[in-house]
file entry_8.pdb (PDB, C-alpha atoms)
ATOM      1  CA  MET A  42      92.856 -91.268 -13.727
ATOM      2  CA  ASP A  43      93.417 -88.760 -16.539
ATOM      3  CA  LYS A  44      90.486 -89.467 -18.858
ATOM      4  CA  VAL A  45      91.081 -86.648 -21.343
ATOM      5  CA  VAL A  46      91.165 -87.691 -25.004
ATOM      6  CA  ALA A  47      92.726 -85.360 -27.566
ATOM      7  CA  THR A  48      89.917 -85.295 -30.141
ATOM      8  CA  ALA A  49      86.279 -86.252 -30.514
ATOM      9  CA  LEU A  50      87.177 -88.562 -33.399
ATOM     10  CA  GLU A  51      89.584 -90.424 -31.140
ATOM     11  CA  ALA A  52      87.016 -90.558 -28.331
ATOM     12  CA  VAL A  53      84.434 -92.343 -30.521
ATOM     13  CA  GLY A  54      87.027 -94.314 -32.459
ATOM     14  CA  ASP A  55      85.928 -97.718 -31.146
ATOM     15  CA  VAL A  56      82.156 -97.227 -31.532
ATOM     16  CA  PRO A  57      81.093 -99.950 -34.012
ATOM     17  CA  ASP A  58      78.214-100.192 -36.429
ATOM     18  CA  GLY A  59      75.088-101.384 -34.629
ATOM     19  CA  ALA A  60      76.111 -99.982 -31.240
ATOM     20  CA  SER A  61      73.548 -98.747 -28.716
ATOM     21  CA  LEU A  62      73.927 -95.157 -27.497
ATOM     22  CA  ALA A  63      72.379 -93.154 -24.681
ATOM     23  CA  VAL A  64      72.544 -89.504 -25.679
ATOM     24  CA  GLY A  65      71.961 -86.512 -23.418
ATOM     25  CA  GLY A  66      70.126 -83.340 -24.301
ATOM     26  CA  PHE A  67      66.591 -82.021 -24.647
ATOM     27  CA  GLY A  68      65.700 -80.257 -27.875
ATOM     28  CA  LEU A  69      68.874 -78.290 -28.583
ATOM     29  CA  SER A  70      69.907 -77.865 -24.936
ATOM     30  CA  GLY A  71      72.829 -79.891 -23.601
ATOM     31  CA  VAL A  72      73.281 -81.911 -26.797
ATOM     32  CA  PRO A  73      76.761 -83.450 -27.423
ATOM     33  CA  ASN A  74      76.914 -82.083 -30.982
ATOM     34  CA  VAL A  75      80.678 -82.462 -31.416
ATOM     35  CA  LEU A  76      80.689 -86.150 -30.492
ATOM     36  CA  ILE A  77      77.656 -86.775 -32.710
ATOM     37  CA  GLN A  78      79.417 -85.055 -35.615
ATOM     38  CA  ALA A  79      82.478 -87.242 -35.003
ATOM     39  CA  LEU A  80      80.309 -90.365 -35.294
ATOM     40  CA  PHE A  81      78.880 -88.993 -38.534
ATOM     41  CA  GLU A  82      82.364 -88.369 -39.940
ATOM     42  CA  ARG A  83      83.366 -91.935 -39.085
ATOM     43  CA  GLY A  84      80.416 -93.262 -41.085
ATOM     44  CA  ILE A  85      78.998 -95.328 -38.220
ATOM     45  CA  GLY A  86      75.487 -96.708 -38.883
ATOM     46  CA  GLY A  87      72.815 -99.116 -37.708
ATOM     47  CA  LEU A  88      72.719 -97.349 -34.349
ATOM     48  CA  SER A  89      70.160 -97.903 -31.593
ATOM     49  CA  VAL A  90      69.702 -94.571 -29.853
ATOM     50  CA  VAL A  91      68.173 -93.848 -26.446
ATOM     51  CA  SER A  92      67.416 -90.137 -26.140
ATOM     52  CA  ASN A  93      64.520 -87.859 -25.247
ATOM     53  CA  ASN A  94      64.231 -86.740 -28.877
ATOM     54  CA  CYS A  95      66.172 -87.340 -32.067
ATOM     55  CA  GLY A  96      67.594 -83.926 -32.804
ATOM     56  CA  ALA A  97      65.963 -80.781 -34.133
ATOM     57  CA  MET A  98      66.369 -78.870 -37.376
ATOM     58  CA  ASP A  99      69.777 -79.956 -38.687
ATOM     59  CA  SER A 100      71.404 -80.300 -35.286
ATOM     60  CA  GLY A 101      72.242 -83.086 -32.854
ATOM     61  CA  LEU A 102      71.029 -86.579 -33.656
ATOM     62  CA  ALA A 103      69.196 -85.171 -36.691
ATOM     63  CA  VAL A 104      72.584 -85.291 -38.467
ATOM     64  CA  LEU A 105      72.760 -89.078 -38.069
ATOM     65  CA  LEU A 106      69.040 -89.527 -38.675
ATOM     66  CA  ALA A 107      69.060 -87.670 -41.992
ATOM     67  CA  ALA A 108      71.999 -89.792 -43.156
ATOM     68  CA  GLY A 109      70.117 -93.028 -42.416
ATOM     69  CA  ARG A 110      72.552 -94.038 -39.671
ATOM     70  CA  ILE A 111      69.942 -94.729 -36.959
ATOM     71  CA  ALA A 112      67.996 -98.002 -36.943
ATOM     72  CA  ARG A 113      66.074 -97.668 -33.679
ATOM     73  CA  VAL A 114      65.092 -94.870 -31.303
ATOM     74  CA  THR A 115      63.907 -95.190 -27.720
ATOM     75  CA  GLY A 116      62.562 -91.785 -26.737
ATOM     76  CA  SER A 117      59.588 -89.749 -25.638
ATOM     77  CA  TYR A 118      59.260 -86.917 -28.146
ATOM     78  CA  ILE A 119      59.132 -86.559 -31.924
ATOM     79  CA  GLY A 120      58.050 -82.929 -31.929
ATOM     80  CA  ALA A 121      58.567 -80.921 -35.107
ATOM     81  CA  ASN A 122      61.248 -83.249 -36.480
ATOM     82  CA  LYS A 123      59.614 -83.969 -39.845
ATOM     83  CA  GLU A 124      62.334 -86.393 -40.989
ATOM     84  CA  PHE A 125      61.934 -88.402 -37.783
ATOM     85  CA  ALA A 126      58.181 -88.625 -38.390
ATOM     86  CA  ARG A 127      58.657 -89.493 -42.062
ATOM     87  CA  GLN A 128      61.088 -92.352 -41.405
ATOM     88  CA  TYR A 129      58.875 -93.699 -38.613
ATOM     89  CA  LEU A 130      55.674 -93.697 -40.668
ATOM     90  CA  ALA A 131      57.486 -95.070 -43.730
ATOM     91  CA  GLY A 132      58.712 -98.092 -41.800
ATOM     92  CA  GLU A 133      62.360 -97.088 -42.119
ATOM     93  CA  LEU A 134      62.874 -96.563 -38.406
ATOM     94  CA  GLU A 135      61.873 -98.536 -35.319
ATOM     95  CA  VAL A 136      60.625 -96.245 -32.546
ATOM     96  CA  GLU A 137      59.767 -97.079 -28.936
ATOM     97  CA  LEU A 138      57.904 -94.100 -27.472
ATOM     98  CA  ILE A 139      57.647 -94.120 -23.681
ATOM     99  CA  PRO A 140      56.651 -91.560 -21.023
ATOM    100  CA  GLN A 141      59.348 -88.962 -20.465
ATOM    101  CA  GLY A 142      59.778 -89.573 -16.745
ATOM    102  CA  THR A 143      59.892 -93.317 -17.331
ATOM    103  CA  LEU A 144      62.674 -92.812 -19.890
ATOM    104  CA  ALA A 145      64.778 -90.843 -17.419
ATOM    105  CA  GLU A 146      64.230 -93.397 -14.659
ATOM    106  CA  ARG A 147      64.947 -96.364 -16.925
ATOM    107  CA  MET A 148      68.370 -94.901 -17.751
ATOM    108  CA  ARG A 149      69.084 -93.945 -14.136
ATOM    109  CA  ALA A 150      68.008 -97.375 -12.922
ATOM    110  CA  GLY A 151      70.201 -99.128 -15.462
ATOM    111  CA  GLY A 152      73.200 -97.110 -14.324
ATOM    112  CA  ALA A 153      72.415 -97.806 -10.667
ATOM    113  CA  GLY A 154      72.272-101.552 -11.260
ATOM    114  CA  ILE A 155      68.506-101.778 -10.843
ATOM    115  CA  PRO A 156      67.152-104.229 -13.441
ATOM    116  CA  ALA A 157      63.505-103.148 -13.259
ATOM    117  CA  PHE A 158      61.027-101.055 -11.295
ATOM    118  CA  TYR A 159      57.294-100.451 -10.997
ATOM    119  CA  THR A 160      55.700 -97.126 -11.960
ATOM    120  CA  PRO A 161      52.091 -95.893 -12.264
ATOM    121  CA  ALA A 162      52.908 -94.049 -15.511
ATOM    122  CA  GLY A 163      51.197 -95.773 -18.440
ATOM    123  CA  VAL A 164      48.819 -98.029 -16.520
ATOM    124  CA  GLY A 165      45.577 -98.456 -18.455
ATOM    125  CA  THR A 166      47.152 -97.380 -21.753
ATOM    126  CA  GLN A 167      48.976 -99.101 -24.597
ATOM    127  CA  VAL A 168      52.221 -98.413 -22.721
ATOM    128  CA  ALA A 169      51.212-101.219 -20.359
ATOM    129  CA  ASP A 170      48.700-103.144 -22.475
ATOM    130  CA  GLY A 171      50.882-103.310 -25.600
ATOM    131  CA  GLY A 172      50.020-102.480 -29.171
ATOM    132  CA  LEU A 173      52.015 -99.265 -29.603
ATOM    133  CA  PRO A 174      53.477 -99.190 -33.131
ATOM    134  CA  TRP A 175      57.227 -99.773 -32.949
ATOM    135  CA  ARG A 176      57.537-100.108 -36.705
ATOM    136  CA  TYR A 177      55.093 -99.386 -39.522
ATOM    137  CA  ASP A 178      55.017-101.362 -42.759
ATOM    138  CA  GLY A 179      55.123 -98.256 -44.947
ATOM    139  CA  HIS A 180      51.494 -98.680 -46.017
ATOM    140  CA  GLY A 181      49.719 -97.527 -42.895
ATOM    141  CA  GLY A 182      49.796-100.894 -41.168
ATOM    142  CA  ILE A 183      51.771-101.954 -38.106
ATOM    143  CA  ALA A 184      54.672-104.304 -38.770
ATOM    144  CA  LEU A 185      55.844-104.536 -35.144
ATOM    145  CA  ALA A 186      53.930-103.566 -32.003
ATOM    146  CA  SER A 187      54.999-103.238 -28.382
ATOM    147  CA  PRO A 188      54.338-106.285 -26.171
ATOM    148  CA  PRO A 189      52.197-106.116 -23.024
ATOM    149  CA  LYS A 190      54.002-105.455 -19.763
ATOM    150  CA  GLU A 191      53.515-106.910 -16.326
ATOM    151  CA  VAL A 192      51.063-104.944 -14.172
ATOM    152  CA  ARG A 193      50.913-105.477 -10.415
ATOM    153  CA  ALA A 194      48.881-103.895  -7.627
ATOM    154  CA  PHE A 195      50.482-102.422  -4.503
ATOM    155  CA  ASP A 196      48.141-101.175  -1.756
ATOM    156  CA  GLY A 197      45.275-101.246  -4.221
ATOM    157  CA  VAL A 198      47.074 -99.191  -6.889
ATOM    158  CA  GLU A 199      48.243-100.681 -10.182
ATOM    159  CA  TYR A 200      51.805-100.227 -11.428
ATOM    160  CA  VAL A 201      53.528-101.319 -14.636
ATOM    161  CA  LEU A 202      56.933-103.024 -14.672
ATOM    162  CA  GLU A 203      59.624-101.150 -16.610
ATOM    163  CA  HIS A 204      63.170-102.390 -17.261
ATOM    164  CA  GLY A 205      66.349-100.432 -16.652
ATOM    165  CA  ILE A 206      68.306 -99.345 -19.729
ATOM    166  CA  ARG A 207      71.992-100.051 -20.331
ATOM    167  CA  THR A 208      73.733 -99.068 -23.561
ATOM    168  CA  ASP A 209      77.127 -99.789 -25.083
ATOM    169  CA  TYR A 210      78.078 -96.099 -25.060
ATOM    170  CA  ALA A 211      76.751 -92.776 -23.809
ATOM    171  CA  LEU A 212      77.421 -89.297 -25.208
ATOM    172  CA  VAL A 213      76.868 -86.242 -22.999
ATOM    173  CA  ARG A 214      77.753 -82.551 -22.864
ATOM    174  CA  ALA A 215      78.755 -80.641 -19.724
ATOM    175  CA  ALA A 216      79.589 -77.030 -18.937
ATOM    176  CA  ARG A 217      82.626 -77.967 -16.825
ATOM    177  CA  GLY A 218      84.567 -81.145 -16.295
ATOM    178  CA  ASP A 219      87.870 -82.172 -14.783
ATOM    179  CA  ARG A 220      90.405 -84.754 -15.895
ATOM    180  CA  HIS A 221      88.842 -87.359 -13.598
ATOM    181  CA  GLY A 222      85.496 -87.052 -15.369
ATOM    182  CA  ASN A 223      83.571 -85.149 -12.681
ATOM    183  CA  LEU A 224      80.964 -83.049 -14.496
ATOM    184  CA  VAL A 225      78.859 -79.935 -13.910
ATOM    185  CA  PHE A 226      75.929 -79.084 -16.199
ATOM    186  CA  ASN A 227      74.573 -75.612 -16.823
ATOM    187  CA  LYS A 228      70.951 -75.060 -15.798
ATOM    188  CA  SER A 229      68.483 -76.743 -18.188
ATOM    189  CA  ALA A 230      71.335 -78.460 -20.053
ATOM    190  CA  ARG A 231      71.416 -80.808 -17.063
ATOM    191  CA  ASN A 232      68.159 -82.423 -18.345
ATOM    192  CA  PHE A 233      68.827 -85.988 -19.557
ATOM    193  CA  ASN A 234      72.622 -85.818 -19.411
ATOM    194  CA  PRO A 235      73.205 -87.384 -15.951
ATOM    195  CA  PRO A 236      70.903 -90.419 -16.458
ATOM    196  CA  ALA A 237      72.210 -90.932 -20.005
ATOM    197  CA  ALA A 238      75.773 -90.901 -18.685
ATOM    198  CA  MET A 239      74.848 -93.445 -16.015
ATOM    199  CA  ALA A 240      73.277 -95.774 -18.585
ATOM    200  CA  GLY A 241      76.365 -96.086 -20.788
ATOM    201  CA  LYS A 242      78.942 -98.819 -20.254
ATOM    202  CA  VAL A 243      81.452 -96.417 -21.829
ATOM    203  CA  THR A 244      80.504 -92.772 -21.313
ATOM    204  CA  ILE A 245      82.124 -89.990 -23.327
ATOM    205  CA  ALA A 246      81.684 -86.382 -22.228
ATOM    206  CA  GLU A 247      82.400 -83.256 -24.225
ATOM    207  CA  VAL A 248      83.048 -80.340 -21.866
ATOM    208  CA  GLU A 249      82.920 -76.637 -22.588
ATOM    209  CA  GLU A 250      85.536 -75.926 -19.920
ATOM    210  CA  LEU A 251      88.192 -78.408 -18.818
ATOM    211  CA  VAL A 252      89.624 -77.815 -15.343
ATOM    212  CA  GLU A 253      92.154 -79.587 -13.180
ATOM    213  CA  PRO A 254      91.090 -82.051 -10.448
ATOM    214  CA  GLY A 255      90.129 -80.169  -7.311
ATOM    215  CA  ALA A 256      88.907 -77.077  -9.158
ATOM    216  CA  ILE A 257      85.290 -78.233  -8.842
ATOM    217  CA  ASP A 258      83.828 -78.150  -5.333
ATOM    218  CA  PRO A 259      82.731 -81.723  -4.560
ATOM    219  CA  ASP A 260      79.330 -80.372  -3.481
ATOM    220  CA  ALA A 261      78.918 -78.823  -6.947
ATOM    221  CA  VAL A 262      79.489 -82.051  -8.892
ATOM    222  CA  HIS A 263      76.344 -83.147 -10.751
ATOM    223  CA  LEU A 264      77.812 -86.396 -12.081
ATOM    224  CA  PRO A 265      80.737 -88.184 -10.396
ATOM    225  CA  GLY A 266      83.648 -89.251 -12.571
ATOM    226  CA  ILE A 267      82.996 -92.924 -11.791
ATOM    227  CA  PHE A 268      80.346 -92.804 -14.535
ATOM    228  CA  VAL A 269      82.645 -91.211 -17.156
ATOM    229  CA  GLN A 270      85.402 -92.983 -19.068
ATOM    230  CA  ARG A 271      86.489 -90.322 -21.599
ATOM    231  CA  VAL A 272      86.536 -86.519 -21.628
ATOM    232  CA  VAL A 273      86.928 -84.265 -24.677
ATOM    233  CA  ALA A 274      87.671 -80.556 -24.184
ATOM    234  CA  LEU A 275      85.833 -78.341 -26.670
ATOM    235  CA  THR A 276      87.417 -75.391 -28.402
ATOM    236  CA  PRO A 277      86.017 -71.933 -27.564
ATOM    237  CA  ASP A 278      84.172 -71.874 -30.892
ATOM    238  CA  GLN A 279      82.658 -75.316 -30.289
ATOM    239  CA  ALA A 280      81.606 -74.367 -26.769
ATOM    240  CA  ALA A 281      79.938 -71.166 -27.991
ATOM    241  CA  ASP A 282      78.045 -72.848 -30.848
ATOM    242  CA  LYS A 283      74.582 -73.126 -29.299
ATOM    243  CA  LYS A 284      71.549 -72.992 -31.571
ATOM    244  CA  VAL A 285      68.086 -71.758 -30.621
ATOM    245  CA  GLU A 286      65.184 -73.836 -31.927
ATOM    246  CA  ARG A 287      62.602 -71.049 -31.871
ATOM    247  CA  ARG A 288      63.082 -67.326 -31.361
ATOM    248  CA  THR A 289      60.052 -65.385 -30.160
ATOM    249  CA  VAL A 290      60.419 -61.629 -30.338
ATOM    250  CA  SER A 291      57.771 -59.163 -29.210
ATOM    251  CA  ALA A 292      56.943 -56.193 -31.401
ATOM    252  CA  PRO A 293      58.328 -52.923 -30.032
ATOM    253  CA  SER A 294      55.844 -50.879 -28.054
ATOM    254  CA  THR A 295      54.354 -47.758 -29.541
ATOM    255  CA  PRO A 296      54.854 -44.750 -27.237
ATOM    256  CA  GLY A 297      51.769 -44.210 -25.137
ATOM    257  CA  THR A 298      50.452 -47.815 -25.466
ATOM    258  CA  VAL A 299      50.533 -50.817 -23.186
ATOM    259  CA  ASN A 300      51.270 -54.348 -24.536
ATOM    260  CA  GLY A 301      49.181 -57.331 -23.490
TER     261      GLY A 301
END
call {"tool": "encode", "arguments": {"input": "entry_8.pdb", "output": "structure tokens"}}
result
Amino acid sequence: MDKVVATALEAVGDVPDGASLAVGGFGLSGVPNVLIQALFERGIGGLSVVSNNCGAMDSGLAVLLAAGRIARVTGSYIGANKEFARQYLAGELEVELIPQGTLAERMRAGGAGIPAFYTPAGVGTQVADGGLPWRYDGHGGIALASPPKEVRAFDGVEYVLEHGIRTDYALVRAARGDRHGNLVFNKSARNFNPPAAMAGKVTIAEVEELVEPGAIDPDAVHLPGIFVQRVVALTPDQAADKKVERRTVSAPSTPGTVNG
């Protein structure tokens, strides 16, 4: 039952080239940076990644993306990641963009053993009708487009069929975890981490604080250890290394004035 692995490098030691990964995090919040860095150091490439976004600035999955280690991304947000956009438009990267809620549910469904489900999200758009560019040809044309999906009416309302997602591995980050793999996430860092963990056949969690079994109240567990196969305890420096994507600071008020 003790799932603790000594190092991140050891935890990802059997991840092969071409593996599929579900990765937790949203922007820079709740991203398993240490495990991602370990994959980078191992030189693993040709990866198919399922994640809300593909890193930001020089952090998270952006490390693997910039090194050309990612072949395909299933996500919902490109944002200000200029390298992500460049590789996509240049035809170097295959990208399946799907609605954010659908992405979360596809991972959760895969982990729950649900092969497919119907949702109203995307009906009447290219999400359902097909034709979304998955890969460009590098000259402005579309080399590979999304296929149409089944649409069915229930009680007079149309829904599109979406398939559950299962991946070879999942990488997540938690605030606390015990040796059995039970995890607790901190506030917004909870985001995509639980469904990503459920989607992986082998889930690896980096935890900021490792505690003994029984130290976490069962009612406080966000993800049961049944979904986690390996746990890596972060050092204090690793746990404290949390970047901020954008800092917005208001100008100091001048005495006698009112801001806004």
call {"tool": "residues_around", "arguments": {"input": "entry_8.pdb", "residues": "stretch 263-277 of chain A", "least_positions_apart": "4", "cutoff": "7 Å", "atoms": "only C-alpha atoms", "output": "list in words"}}
result
Lys44, Val45, Val46, Ala47, Thr48, Ala49, Ala52, His221, Gly222, Asn223, Leu224, Val225, Phe226, Pro235, Ala238, Met239, Val243, Thr244, Ile245, Ala246, Glu247, Val248, Glu249, Glu250, Leu251 and Ala281 of chain A
call {"tool": "closest_atom_pairs", "arguments": {"input": "entry_8.pdb", "of": "stretch 52-115 of chain A", "to": "stretch 191-214 of chain A", "cutoff": "9 Å", "atoms": "only C-alpha atoms", "output": "CSV"}}
result
residue,atom,partner,partner_atom,distance
A:Val56,CA,A:Tyr210,CA,7.7
A:Ala60,CA,A:Asp209,CA,6.2
A:Ser61,CA,A:Thr208,CA,5.2
A:Leu62,CA,A:Tyr210,CA,4.9
A:Ala63,CA,A:Ala211,CA,4.5
A:Val64,CA,A:Leu212,CA,4.9
A:Gly65,CA,A:Val213,CA,4.9
A:Gly66,CA,A:Val213,CA,7.5
A:Gly71,CA,A:Arg214,CA,5.6
A:Val72,CA,A:Arg214,CA,6.0
A:Pro73,CA,A:Arg214,CA,4.8
A:Asn74,CA,A:Arg214,CA,8.2
A:Leu76,CA,A:Leu212,CA,7.0
A:Ile77,CA,A:Leu212,CA,7.9
A:Ser89,CA,A:Thr208,CA,8.9
A:Val90,CA,A:Thr208,CA,8.7
A:Val91,CA,A:Thr208,CA,8.2
call {"tool": "closest_residue", "arguments": {"input": "entry_8.pdb", "among": "A:Pro156, A:Gly68, A:Gly151, A:Gly84", "to": "A:Ser117", "atoms": "only C-alpha atoms"}}
result
A:Gly68
call {"tool": "atom_distance", "arguments": {"input": "entry_8.pdb", "atom1": "atom CA of A:Gly109", "atom2": "atom CA of A:Leu130"}}
result
14.6 Å
call {"tool": "residues_near_point", "arguments": {"input": "entry_8.pdb", "point": "(75.7, -74.9, -32.0)", "cutoff": "10 Å", "atoms": "all atoms listed in the file", "output": "tab-separated table (two decimals) with C-alpha atoms, keeping the file's coordinate frame"}}
result
chain	number	residue	atom	x	y	z
A	69	LEU	CA	68.87	-78.29	-28.58
A	70	SER	CA	69.91	-77.86	-24.94
A	72	VAL	CA	73.28	-81.91	-26.80
A	73	PRO	CA	76.76	-83.45	-27.42
A	74	ASN	CA	76.91	-82.08	-30.98
A	75	VAL	CA	80.68	-82.46	-31.42
A	100	SER	CA	71.40	-80.30	-35.29
A	101	GLY	CA	72.24	-83.09	-32.85
A	278	ASP	CA	84.17	-71.87	-30.89
A	279	GLN	CA	82.66	-75.32	-30.29
A	280	ALA	CA	81.61	-74.37	-26.77
A	281	ALA	CA	79.94	-71.17	-27.99
A	282	ASP	CA	78.04	-72.85	-30.85
A	283	LYS	CA	74.58	-73.13	-29.30
A	284	LYS	CA	71.55	-72.99	-31.57
A	285	VAL	CA	68.09	-71.76	-30.62
